[in-house]
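Worksheet: the structure to be examined is printed underneath.
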Amino acid sequence: MMSEPILRTERLRLYPWQEEDFPLLVELHGDPQVQRFLEAGEPAWDEASLRRRFARFRADYAEHGWSKFKALDGQGRFVGRAGFSLFEETGEAELGYSFKREFWGQGYATEIAGALLQWIYRATSLDHVIGFAVADHAASRRVLEKVGMRLTEVRDYQGIPNAFYRHDRP
């Protein structure tokens, strides 16, 4: 029996990761197209890297009450991940999402990003969050702009130009 979701939108549900969910993360990030705009376009993350990220997602939830969560659709299908992580460079909470290719172009990123921004300000005392996308990834940048984030700078991050955005607590 699955627990109650952390966040529910019209079409999506977010849940904390459970140990048995690790293969879902491997499936998501094993797709080179999904990886294309992550980590400066490096190939799929290896299992050790994914294990570290998975452990961090679970630790972030235990420590902060937020994380990059497992995203399921209304039928219970795994569609990707979405939520917040600590951006190590600045210590700010960073909004991020990644969806399986079959779910691209259906408005899921905008739906969940907007809901996450409302949720984080209800659930925490954070005064702002950041987000960023590879500078030439127009679709991801459009999502950040649609949910009210404002461009703060475009600069190299991990060897590739990225557009950085900020969203302040309403």
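Quick note on naming: the chains in the structure tokens go A, B, ... in the order shown, residues restart at 1 in each chain, and ligands are numbered from 1 in order of appearance.
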
Each residue of range 54-97 of chain A lying at most 10 Å from range 133-145 of chain A should get a row with its shortest atom-to-atom pair and the distance in Å to one decimal, counting only C-alpha atoms; could you produce that, ordered by chain and increasing number, as CSV?
residue,atom,partner,partner_atom,distance
A:Leu95,CA,A:Leu144,CA,9.1
A:Gly96,CA,A:Ala133,CA,9.0
A:Tyr97,CA,A:Ser140,CA,9.3

### Message
Set the distance at 7 Å and use only C-alpha atoms: which residues neighbour Val79 in chain A once local chain neighbours fewer than 6 positions away are removed? I'd like the list as a list of chain:residue names.
### Response
A:Ala71, A:Leu72, A:Asp73, A:Phe99, A:Lys100, A:Phe103

Next, the residues of the selection above should be written as a tab-separated table (two decimals), in the first residue's frame with N, CA and C atoms.
chain	number	residue	atom	x	y	z
A	71	ALA	N	7.83	10.97	-9.11
A	71	ALA	CA	6.58	11.46	-9.68
A	71	ALA	C	5.84	10.34	-10.39
A	72	LEU	N	4.58	10.16	-10.02
A	72	LEU	CA	3.71	9.17	-10.65
A	72	LEU	C	2.51	9.89	-11.24
A	73	ASP	N	1.96	9.33	-12.31
A	73	ASP	CA	0.75	9.92	-12.86
A	73	ASP	C	-0.47	9.33	-12.12
A	99	PHE	N	11.79	14.18	-16.60
A	99	PHE	CA	10.71	13.26	-16.94
A	99	PHE	C	11.15	12.26	-17.99
A	100	LYS	N	10.55	11.09	-17.95
A	100	LYS	CA	10.79	10.09	-18.99
A	100	LYS	C	10.34	10.67	-20.33
A	103	PHE	N	6.81	11.11	-21.67
A	103	PHE	CA	5.92	12.07	-21.01
A	103	PHE	C	6.29	13.52	-21.32

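Minimum atom-to-atom distance to Glu10 in chain A, evaluated using only C-alpha atoms, belongs to A:Glu111 out of A:Ser49, A:Arg169, A:Glu111, A:Val154.
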
### Message
Using only C-alpha atoms, can you tell me which of A:Ile112, A:Ala123, A:Ala48, A:Val34 comes closest to Ala82 in chain A?
### Response
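Once distances to Ala82 in chain A are computed over only C-alpha atoms, the minimum belongs to A:Ile112.
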
### Query
Which of these residues is nearest to Ala113 in chain A, using only C-alpha atoms: A:Leu50, A:Arg8, A:Gly65, A:Tyr157?
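Result for the nearest residue to Ala113 in chain A: A:Arg8.
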
### Query
Can you list, as a list in words, every residue of range 71-127 of chain A that DSSP puts in strand (DSSP E or B)?
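Across range 71-127 of chain A, those assigned strand (DSSP E or B) are Ala71, Leu72, Asp73, Phe78, Val79, Gly80, Arg81, Ala82, Gly83, Phe84, Ser85, Leu86, Phe87, Glu92, Ala93, Glu94, Leu95, Gly96, Tyr97, Ser98 and Phe99 of chain A.
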
If you keep N, CA and C atoms, can you produce a file of those selected residues as an mmCIF file, in the first residue's frame?
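Okay, out_3.cif is ready:
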data_model
loop_
_atom_site.group_PDB
_atom_site.id
_atom_site.type_symbol
_atom_site.label_atom_id
_atom_site.label_comp_id
_atom_site.auth_asym_id
_atom_site.auth_seq_id
_atom_site.Cartn_x
_atom_site.Cartn_y
_atom_site.Cartn_z
ATOM 1 N N ALA A 71 7.831 10.966 -9.106
ATOM 2 C CA ALA A 71 6.579 11.465 -9.683
ATOM 3 C C ALA A 71 5.841 10.335 -10.389
ATOM 4 N N LEU A 72 4.584 10.160 -10.015
ATOM 5 C CA LEU A 72 3.705 9.171 -10.649
ATOM 6 C C LEU A 72 2.513 9.895 -11.243
ATOM 7 N N ASP A 73 1.965 9.331 -12.307
ATOM 8 C CA ASP A 73 0.746 9.918 -12.857
ATOM 9 C C ASP A 73 -0.466 9.329 -12.120
ATOM 10 N N PHE A 78 5.244 5.532 -13.212
ATOM 11 C CA PHE A 78 6.397 6.374 -12.935
ATOM 12 C C PHE A 78 6.642 7.272 -14.145
ATOM 13 N N VAL A 79 6.646 8.587 -13.923
ATOM 14 C CA VAL A 79 6.863 9.526 -15.024
ATOM 15 C C VAL A 79 8.177 10.276 -14.907
ATOM 16 N N GLY A 80 8.757 10.336 -13.704
ATOM 17 C CA GLY A 80 10.015 11.046 -13.536
ATOM 18 C C GLY A 80 10.225 11.456 -12.099
ATOM 19 N N ARG A 81 10.951 12.557 -11.957
ATOM 20 C CA ARG A 81 11.237 13.086 -10.619
ATOM 21 C C ARG A 81 11.111 14.597 -10.650
ATOM 22 N N ALA A 82 10.764 15.180 -9.507
ATOM 23 C CA ALA A 82 10.619 16.627 -9.413
ATOM 24 C C ALA A 82 10.690 17.038 -7.957
ATOM 25 N N GLY A 83 11.235 18.211 -7.738
ATOM 26 C CA GLY A 83 11.307 18.713 -6.375
ATOM 27 C C GLY A 83 12.472 19.657 -6.199
ATOM 28 N N PHE A 84 13.074 19.607 -5.020
ATOM 29 C CA PHE A 84 14.130 20.536 -4.652
ATOM 30 C C PHE A 84 15.347 19.790 -4.143
ATOM 31 N N SER A 85 16.505 20.372 -4.387
ATOM 32 C CA SER A 85 17.740 19.892 -3.788
ATOM 33 C C SER A 85 18.562 21.105 -3.393
ATOM 34 N N LEU A 86 19.573 20.883 -2.601
ATOM 35 C CA LEU A 86 20.455 21.960 -2.182
ATOM 36 C C LEU A 86 21.487 22.196 -3.273
ATOM 37 N N PHE A 87 21.527 23.404 -3.804
ATOM 38 C CA PHE A 87 22.521 23.762 -4.812
ATOM 39 C C PHE A 87 23.813 24.045 -4.049
ATOM 40 N N GLU A 92 21.481 27.359 -1.785
ATOM 41 C CA GLU A 92 20.069 27.664 -2.014
ATOM 42 C C GLU A 92 19.305 26.412 -2.412
ATOM 43 N N ALA A 93 18.002 26.418 -2.162
ATOM 44 C CA ALA A 93 17.138 25.343 -2.631
ATOM 45 C C ALA A 93 16.927 25.539 -4.128
ATOM 46 N N GLU A 94 17.125 24.466 -4.880
ATOM 47 C CA GLU A 94 17.037 24.511 -6.344
ATOM 48 C C GLU A 94 15.889 23.629 -6.825
ATOM 49 N N LEU A 95 14.997 24.221 -7.588
ATOM 50 C CA LEU A 95 13.882 23.503 -8.193
ATOM 51 C C LEU A 95 14.395 22.729 -9.406
ATOM 52 N N GLY A 96 14.034 21.470 -9.498
ATOM 53 C CA GLY A 96 14.450 20.680 -10.652
ATOM 54 C C GLY A 96 13.452 19.586 -10.961
ATOM 55 N N TYR A 97 13.484 19.126 -12.194
ATOM 56 C CA TYR A 97 12.573 18.079 -12.639
ATOM 57 C C TYR A 97 13.205 17.362 -13.812
ATOM 58 N N SER A 98 12.824 16.128 -13.971
ATOM 59 C CA SER A 98 13.300 15.320 -15.091
ATOM 60 C C SER A 98 12.236 14.263 -15.351
ATOM 61 N N PHE A 99 11.794 14.180 -16.601
ATOM 62 C CA PHE A 99 10.711 13.259 -16.944
ATOM 63 C C PHE A 99 11.149 12.264 -17.995
#

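Coordinates place CA of Glu63 in chain A at a distance of 17.0 Å from CA of Arg122 in chain A.
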
### Task
Counting only C-alpha atoms, figure out which residue out of A:Thr9, A:Glu102, A:Tyr165, A:Gly76 gets nearest to Leu28 in chain A.
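Among the listed residues, the smallest separation from Leu28 in chain A belongs to A:Glu102.
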
### Task
Could you check which of A:Ala109, A:Leu7, A:Leu12, A:Leu24 is closest to Ser67 in chain A, using only C-alpha atoms?
A:Leu7

### Message
Can you pull out every residue from range 23-152 of chain A that DSSP, working from the backbone, puts in helix (DSSP H, G or I), and format the result as JSON, numbers by chain?
### Response
{"A": [23, 24, 25, 26, 27, 28, 29, 32, 33, 34, 35, 39, 40, 41, 47, 48, 49, 50, 51, 52, 53, 54, 55, 56, 57, 58, 59, 60, 61, 62, 63, 64, 101, 102, 103, 108, 109, 110, 111, 112, 113, 114, 115, 116, 117, 118, 119, 120, 121, 122, 123, 138, 139, 140, 141, 142, 143, 144, 145, 146]}

### For Glu47 in chain A: contacts at 10 Å, only C-alpha atoms, fewer than 2 positions along chain excluded, given as number ranges by chain
A: 22-23, 25-26, 29-30, 44-45, 49-53

### Non-local contacts of Thr124 in chain A (9 Å; only C-alpha atoms; under 5 positions in same chain excluded) as a VMD selection string
chain A and resid 64 to 66 119

### Task
Could you check how far CA of Gly114 in chain A sits from CA of Phe57 in chain A, in Å to one decimal?
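It comes out at 20.2 Å.
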